Amino acid sequence: MKDNNLEYSRQLDLEEKFNSYWNKALKTNGEDYLKRLTTNDLVEMKKAISNINNLITLRVTLGFIDEICRLGIVNNEQAGRMRKEVDEQHPNTNGFDVQDKECRIIAEIKCNIPVGEKSFGAAQKNALKKDLQGLRNGKTKGDIDNVDNYYKFMVIQDVSKARIAMKELYGDDCVELVDKNIDTDHIYIVYISL
């Protein structure tokens with residue numbers, strides 16, 4: 001980006017954005033954090049930051065469990081068991097993000113941020129459609145073969161424009177969760193705010 005009097009410098013732009021973020025996050029002012037870091041430090045930081053998606057997904061998952069407990073779909077004991085099962089599961093395990101055979105609940109958790117004004121990007125749409133299909137028909141990977149008798153949930157992080165973007169994806173068999181009156185014929189869309 002060029003100002004009439006100044007030429008753009010990628011290095012200065014990247015340094016400024018990096019330091020600005022960390023000053024804001026760490027509540028400091030004018031610190032030059034980048035100069036303190038080696039390239040190896042940046043690589044290690046990249047590895048650590050790649051877990052942010054998993055951290056957000058975990059929080060949304062636990063928020064979903066709290067919501068279905070609040071609505072009376074599961075009781076406190078069942079919710080506690082589900083939280084424990086989620087905590088013991090590796091974030092990249094095959095199957096559903098929440099799967100409880102006792103309560104017959106399966107859920108996919110998505111924390112996508114719409115890239116367009118009112119829609120998800122092409123890759124996001126494909127992943128969401130695939131997860132909706134998995135909720136409808138089951139998955140080839142995972143330990144639940146037949147989903148017909150399960151209560152099905154697509155859980156979306158409630159970020160700006162996510163509700164609008166989701167509405168263009170799901171079909172007539174999906175409805176927004178509003179109370180504890182659920183059936184196994186529909187996929188319930190649940191929006192969780194953090």
# chains A, B, ... in the order shown; residues from 1 in each chain; ligands from 1

$ residues_around --residues "region 6-17 of chain A" --least-positions-apart "3" --cutoff "12 Å" --atoms "only C-alpha atoms" --output "list in words"
Met1, Lys2, Asp3, Ser20, Tyr21, Trp22, Asn23, Lys24, Gly30, Glu31, Asp32, Tyr33, Leu34, Lys35, Arg36 and Leu37 of chain A

$ write_last_selection --atoms "N, CA and C atoms" --output "compact mmCIF listing (two decimals), in the first residue's frame"
# COMPACT_ATOMS: atom_id res chain seq x y z
N MET A 1 0.85 -1.15 0.00
CA MET A 1 0.00 0.00 0.00
C MET A 1 0.90 1.21 0.00
N LYS A 2 0.64 2.15 -0.87
CA LYS A 2 1.50 3.32 -1.01
C LYS A 2 0.79 4.58 -0.57
N ASP A 3 1.51 5.36 0.19
CA ASP A 3 1.10 6.72 0.49
C ASP A 3 1.70 7.56 -0.62
N SER A 20 2.42 -4.54 17.19
CA SER A 20 1.16 -3.93 17.60
C SER A 20 0.26 -4.97 18.27
N TYR A 21 0.17 -6.16 17.66
CA TYR A 21 -0.65 -7.22 18.25
C TYR A 21 -0.14 -7.59 19.64
N TRP A 22 1.14 -7.86 19.77
CA TRP A 22 1.68 -8.32 21.05
C TRP A 22 1.62 -7.23 22.11
N ASN A 23 1.82 -5.97 21.73
CA ASN A 23 1.67 -4.89 22.70
C ASN A 23 0.24 -4.83 23.22
N LYS A 24 -0.72 -5.01 22.32
CA LYS A 24 -2.13 -4.99 22.74
C LYS A 24 -2.44 -6.21 23.62
N GLY A 30 4.60 0.10 22.92
CA GLY A 30 5.80 0.43 22.17
C GLY A 30 6.94 -0.57 22.28
N GLU A 31 6.67 -1.75 22.83
CA GLU A 31 7.73 -2.76 22.93
C GLU A 31 8.01 -3.36 21.56
N ASP A 32 9.27 -3.63 21.28
CA ASP A 32 9.67 -4.27 20.03
C ASP A 32 9.94 -5.74 20.32
N TYR A 33 8.87 -6.53 20.33
CA TYR A 33 8.98 -7.95 20.66
C TYR A 33 9.70 -8.72 19.57
N LEU A 34 9.53 -8.32 18.33
CA LEU A 34 10.12 -9.06 17.22
C LEU A 34 11.63 -9.07 17.31
N LYS A 35 12.23 -7.99 17.71
CA LYS A 35 13.71 -7.95 17.75
C LYS A 35 14.26 -8.92 18.79
N ARG A 36 13.45 -9.34 19.74
CA ARG A 36 13.89 -10.28 20.78
C ARG A 36 13.85 -11.73 20.30
N LEU A 37 13.23 -11.99 19.17
CA LEU A 37 12.98 -13.36 18.73
C LEU A 37 13.89 -13.76 17.57

$ residues_around --residues "region 118-125 of chain A" --least-positions-apart "4" --cutoff "7 Å" --atoms "only C-alpha atoms" --output "ChimeraX atom specification"
/A:114,129,161,164-165

$ write_last_selection --atoms "N, CA, C and O atoms" --output "short mmCIF file (atom, residue, chain, number, x, y, z; two decimals), in the first residue's frame"
data_model
loop_
_atom_site.label_atom_id
_atom_site.label_comp_id
_atom_site.auth_asym_id
_atom_site.auth_seq_id
_atom_site.Cartn_x
_atom_site.Cartn_y
_atom_site.Cartn_z
N PRO A 114 -16.71 -16.61 8.72
CA PRO A 114 -17.05 -16.35 7.32
C PRO A 114 -16.02 -15.41 6.68
O PRO A 114 -15.59 -14.43 7.28
N LYS A 129 -20.40 -28.94 4.63
CA LYS A 129 -21.32 -29.87 3.95
C LYS A 129 -20.95 -31.32 4.24
O LYS A 129 -21.82 -32.17 4.45
N LYS A 161 -21.72 -12.78 11.25
CA LYS A 161 -22.19 -13.32 9.97
C LYS A 161 -22.26 -14.85 9.90
O LYS A 161 -22.63 -15.40 8.88
N ILE A 164 -25.90 -16.10 9.21
CA ILE A 164 -26.31 -15.85 7.82
C ILE A 164 -25.63 -16.85 6.89
O ILE A 164 -26.25 -17.45 6.02
N ALA A 165 -24.33 -17.05 7.10
CA ALA A 165 -23.56 -17.96 6.25
C ALA A 165 -24.05 -19.40 6.39
O ALA A 165 -24.11 -20.14 5.41
#

$ residues_around --residues "Asn54 (chain A)" --least-positions-apart "5" --cutoff "10 Å" --atoms "only C-alpha atoms" --output "PyMOL selection string"
chain A and resi 49+59-60+90-92+111

$ atom_distance --atom1 "CA of Asn51 (chain A)" --atom2 "CA of Gln89 (chain A)"
14.8 Å

$ residues_around --residues "Arg163 (chain A)" --least-positions-apart "4" --cutoff "12 Å" --atoms "only C-alpha atoms" --output "ChimeraX atom specification"
/A:111-114,117-120,155-159,167-170,176,189-193

$ select_by_dssp --residues "region 19-181 of chain A" --states "helix (DSSP H, G or I)" --output "PyMOL selection string"
chain A and resi 19-25+34-36+39-49+52-70+76-87+122-137+162-167

$ residues_around --residues "region 142-146 of chain A" --least-positions-apart "2" --cutoff "12 Å" --atoms "only C-alpha atoms" --output "MDAnalysis selection string"
chainID A and resid 92:101 104:107 134:140 148:152 184

$ atom_distance --atom1 "CA of Val43 (chain A)" --atom2 "CA of Leu55 (chain A)"
19.3 Å

$ residues_around --residues "Lys180 (chain A)" --least-positions-apart "2" --cutoff "9 Å" --atoms "only C-alpha atoms" --output "list in words"
Ile68, Leu71, Gly72, Ile73, Leu177, Val178 and Ile182 of chain A

$ select_by_dssp --residues "chain A" --states "strand (DSSP E)" --output "list in words"
Val98, Gln99, Asp100, Ile105, Ile106, Ala107, Glu108, Ile109, Lys110, Tyr151, Lys152, Phe153, Met154, Val155, Ile156, Gln157, Cys174, Val175, Glu176, Ile187, Tyr188, Ile189, Val190, Tyr191 and Ile192 of chain A

$ write_last_selection --atoms "C-alpha atoms" --output "PDB file, in the first residue's frame"
ATOM      1  CA  VAL A  98     -18.992 -35.133  20.727  1.00  0.00           C
ATOM      2  CA  GLN A  99     -20.308 -38.671  20.702  1.00  0.00           C
ATOM      3  CA  ASP A 100     -22.174 -40.078  23.622  1.00  0.00           C
ATOM      4  CA  ILE A 105     -25.847 -37.590  21.019  1.00  0.00           C
ATOM      5  CA  ILE A 106     -23.429 -36.784  18.211  1.00  0.00           C
ATOM      6  CA  ALA A 107     -22.149 -33.338  17.381  1.00  0.00           C
ATOM      7  CA  GLU A 108     -19.800 -31.637  14.977  1.00  0.00           C
ATOM      8  CA  ILE A 109     -18.164 -28.454  16.268  1.00  0.00           C
ATOM      9  CA  LYS A 110     -17.148 -25.748  13.792  1.00  0.00           C
ATOM     10  CA  TYR A 151     -29.689 -36.770  18.289  1.00  0.00           C
ATOM     11  CA  LYS A 152     -27.598 -34.784  15.842  1.00  0.00           C
ATOM     12  CA  PHE A 153     -26.069 -31.347  16.372  1.00  0.00           C
ATOM     13  CA  MET A 154     -24.035 -29.015  14.188  1.00  0.00           C
ATOM     14  CA  VAL A 155     -22.446 -26.553  16.592  1.00  0.00           C
ATOM     15  CA  ILE A 156     -21.221 -23.237  15.211  1.00  0.00           C
ATOM     16  CA  GLN A 157     -19.179 -20.606  16.984  1.00  0.00           C
ATOM     17  CA  CYS A 174     -31.774 -28.874   9.873  1.00  0.00           C
ATOM     18  CA  VAL A 175     -33.385 -26.592  12.429  1.00  0.00           C
ATOM     19  CA  GLU A 176     -32.022 -24.195  14.998  1.00  0.00           C
ATOM     20  CA  ILE A 187     -29.915 -31.945  12.652  1.00  0.00           C
ATOM     21  CA  TYR A 188     -30.032 -29.170  15.219  1.00  0.00           C
ATOM     22  CA  ILE A 189     -27.922 -26.091  14.558  1.00  0.00           C
ATOM     23  CA  VAL A 190     -26.525 -24.668  17.791  1.00  0.00           C
ATOM     24  CA  TYR A 191     -24.750 -21.298  17.980  1.00  0.00           C
ATOM     25  CA  ILE A 192     -22.314 -20.884  20.850  1.00  0.00           C
TER      26      ILE A 192
END

$ atom_distance --atom1 "CA of Gln78 (chain A)" --atom2 "CA of Asn181 (chain A)"
17.6 Å

$ closest_residue --among "A:Leu194, A:Cys69, A:Val147, A:Ile56" --to "Asp179 (chain A)" --atoms "only C-alpha atoms"
A:Cys69

$ decode --residues "region 161-173 of chain A" --atoms "all heavy atoms" --output "mmCIF file, in the first residue's frame"
data_model
loop_
_atom_site.group_PDB
_atom_site.id
_atom_site.type_symbol
_atom_site.label_atom_id
_atom_site.label_comp_id
_atom_site.auth_asym_id
_atom_site.auth_seq_id
_atom_site.Cartn_x
_atom_site.Cartn_y
_atom_site.Cartn_z
ATOM 1 N N LYS A 161 -21.720 -12.784 11.252
ATOM 2 C CA LYS A 161 -22.191 -13.316 9.968
ATOM 3 C C LYS A 161 -22.263 -14.845 9.901
ATOM 4 O O LYS A 161 -22.635 -15.397 8.879
ATOM 5 C CB LYS A 161 -21.340 -12.809 8.799
ATOM 6 C CG LYS A 161 -21.110 -11.320 8.766
ATOM 7 C CD LYS A 161 -22.363 -10.554 8.452
ATOM 8 C CE LYS A 161 -22.009 -9.080 8.297
ATOM 9 N NZ LYS A 161 -23.065 -8.194 8.517
ATOM 10 N N ALA A 162 -21.899 -15.557 10.977
ATOM 11 C CA ALA A 162 -21.931 -17.023 10.934
ATOM 12 C C ALA A 162 -23.349 -17.555 10.737
ATOM 13 O O ALA A 162 -23.564 -18.520 10.004
ATOM 14 C CB ALA A 162 -21.316 -17.611 12.200
ATOM 15 N N ARG A 163 -24.334 -16.916 11.373
ATOM 16 C CA ARG A 163 -25.716 -17.387 11.240
ATOM 17 C C ARG A 163 -26.207 -17.226 9.801
ATOM 18 O O ARG A 163 -26.865 -18.118 9.255
ATOM 19 C CB ARG A 163 -26.629 -16.634 12.202
ATOM 20 C CG ARG A 163 -26.383 -17.002 13.651
ATOM 21 C CD ARG A 163 -27.201 -16.129 14.601
ATOM 22 N NE ARG A 163 -26.878 -16.422 15.977
ATOM 23 C CZ ARG A 163 -27.680 -17.060 16.817
ATOM 24 N NH1 ARG A 163 -28.876 -17.456 16.426
ATOM 25 N NH2 ARG A 163 -27.298 -17.288 18.051
ATOM 26 N N ILE A 164 -25.904 -16.098 9.206
ATOM 27 C CA ILE A 164 -26.309 -15.854 7.816
ATOM 28 C C ILE A 164 -25.626 -16.852 6.894
ATOM 29 O O ILE A 164 -26.251 -17.447 6.017
ATOM 30 C CB ILE A 164 -25.970 -14.403 7.400
ATOM 31 C CG1 ILE A 164 -26.754 -13.406 8.244
ATOM 32 C CG2 ILE A 164 -26.226 -14.184 5.919
ATOM 33 C CD1 ILE A 164 -26.276 -11.969 8.118
ATOM 34 N N ALA A 165 -24.327 -17.047 7.103
ATOM 35 C CA ALA A 165 -23.564 -17.962 6.250
ATOM 36 C C ALA A 165 -24.051 -19.397 6.393
ATOM 37 O O ALA A 165 -24.108 -20.144 5.413
ATOM 38 C CB ALA A 165 -22.083 -17.859 6.593
ATOM 39 N N MET A 166 -24.426 -19.803 7.603
ATOM 40 C CA MET A 166 -24.893 -21.174 7.815
ATOM 41 C C MET A 166 -26.216 -21.432 7.131
ATOM 42 O O MET A 166 -26.448 -22.521 6.605
ATOM 43 C CB MET A 166 -25.056 -21.441 9.315
ATOM 44 C CG MET A 166 -23.963 -22.229 9.991
ATOM 45 S SD MET A 166 -23.228 -23.564 9.089
ATOM 46 C CE MET A 166 -24.362 -24.896 9.417
ATOM 47 N N LYS A 167 -27.098 -20.443 7.132
ATOM 48 C CA LYS A 167 -28.440 -20.649 6.569
ATOM 49 C C LYS A 167 -28.391 -21.035 5.095
ATOM 50 O O LYS A 167 -29.277 -21.740 4.619
ATOM 51 C CB LYS A 167 -29.300 -19.416 6.789
ATOM 52 C CG LYS A 167 -29.752 -19.340 8.222
ATOM 53 C CD LYS A 167 -30.702 -18.216 8.489
ATOM 54 C CE LYS A 167 -31.002 -18.237 9.980
ATOM 55 N NZ LYS A 167 -31.713 -17.148 10.475
ATOM 56 N N GLU A 168 -27.377 -20.598 4.383
ATOM 57 C CA GLU A 168 -27.298 -20.959 2.961
ATOM 58 C C GLU A 168 -26.809 -22.387 2.750
ATOM 59 O O GLU A 168 -26.901 -22.917 1.657
ATOM 60 C CB GLU A 168 -26.410 -19.971 2.195
ATOM 61 C CG GLU A 168 -24.929 -20.162 2.374
ATOM 62 C CD GLU A 168 -24.103 -19.228 1.516
ATOM 63 O OE1 GLU A 168 -24.260 -18.009 1.629
ATOM 64 O OE2 GLU A 168 -23.287 -19.739 0.742
ATOM 65 N N LEU A 169 -26.342 -23.042 3.819
ATOM 66 C CA LEU A 169 -25.773 -24.380 3.683
ATOM 67 C C LEU A 169 -26.699 -25.518 4.053
ATOM 68 O O LEU A 169 -26.630 -26.586 3.486
ATOM 69 C CB LEU A 169 -24.518 -24.504 4.561
ATOM 70 C CG LEU A 169 -23.293 -23.788 4.084
ATOM 71 C CD1 LEU A 169 -22.154 -23.978 5.068
ATOM 72 C CD2 LEU A 169 -22.874 -24.268 2.720
ATOM 73 N N TYR A 170 -27.518 -25.327 5.067
ATOM 74 C CA TYR A 170 -28.241 -26.490 5.557
ATOM 75 C C TYR A 170 -29.622 -26.610 4.921
ATOM 76 O O TYR A 170 -30.228 -25.653 4.494
ATOM 77 C CB TYR A 170 -28.302 -26.533 7.086
ATOM 78 C CG TYR A 170 -28.961 -25.376 7.806
ATOM 79 C CD1 TYR A 170 -30.338 -25.278 7.868
ATOM 80 C CD2 TYR A 170 -28.195 -24.427 8.463
ATOM 81 C CE1 TYR A 170 -30.940 -24.243 8.567
ATOM 82 C CE2 TYR A 170 -28.787 -23.386 9.163
ATOM 83 C CZ TYR A 170 -30.164 -23.301 9.215
ATOM 84 O OH TYR A 170 -30.754 -22.284 9.910
ATOM 85 N N GLY A 171 -30.070 -27.850 4.859
ATOM 86 C CA GLY A 171 -31.337 -28.151 4.197
ATOM 87 C C GLY A 171 -32.505 -28.201 5.151
ATOM 88 O O GLY A 171 -32.423 -27.781 6.305
ATOM 89 N N ASP A 172 -33.591 -28.752 4.663
ATOM 90 C CA ASP A 172 -34.838 -28.806 5.426
ATOM 91 C C ASP A 172 -34.757 -29.707 6.657
ATOM 92 O O ASP A 172 -35.593 -29.601 7.549
ATOM 93 C CB ASP A 172 -35.983 -29.293 4.532
ATOM 94 C CG ASP A 172 -36.303 -28.297 3.428
ATOM 95 O OD1 ASP A 172 -35.970 -27.105 3.592
ATOM 96 O OD2 ASP A 172 -36.862 -28.714 2.402
ATOM 97 N N ASP A 173 -33.787 -30.611 6.678
ATOM 98 C CA ASP A 173 -33.688 -31.497 7.838
ATOM 99 C C ASP A 173 -32.895 -30.865 8.978
ATOM 100 O O ASP A 173 -32.654 -31.499 9.994
ATOM 101 C CB ASP A 173 -33.084 -32.848 7.446
ATOM 102 C CG ASP A 173 -31.674 -32.739 6.889
ATOM 103 O OD1 ASP A 173 -31.267 -31.638 6.488
ATOM 104 O OD2 ASP A 173 -30.982 -33.771 6.853
#
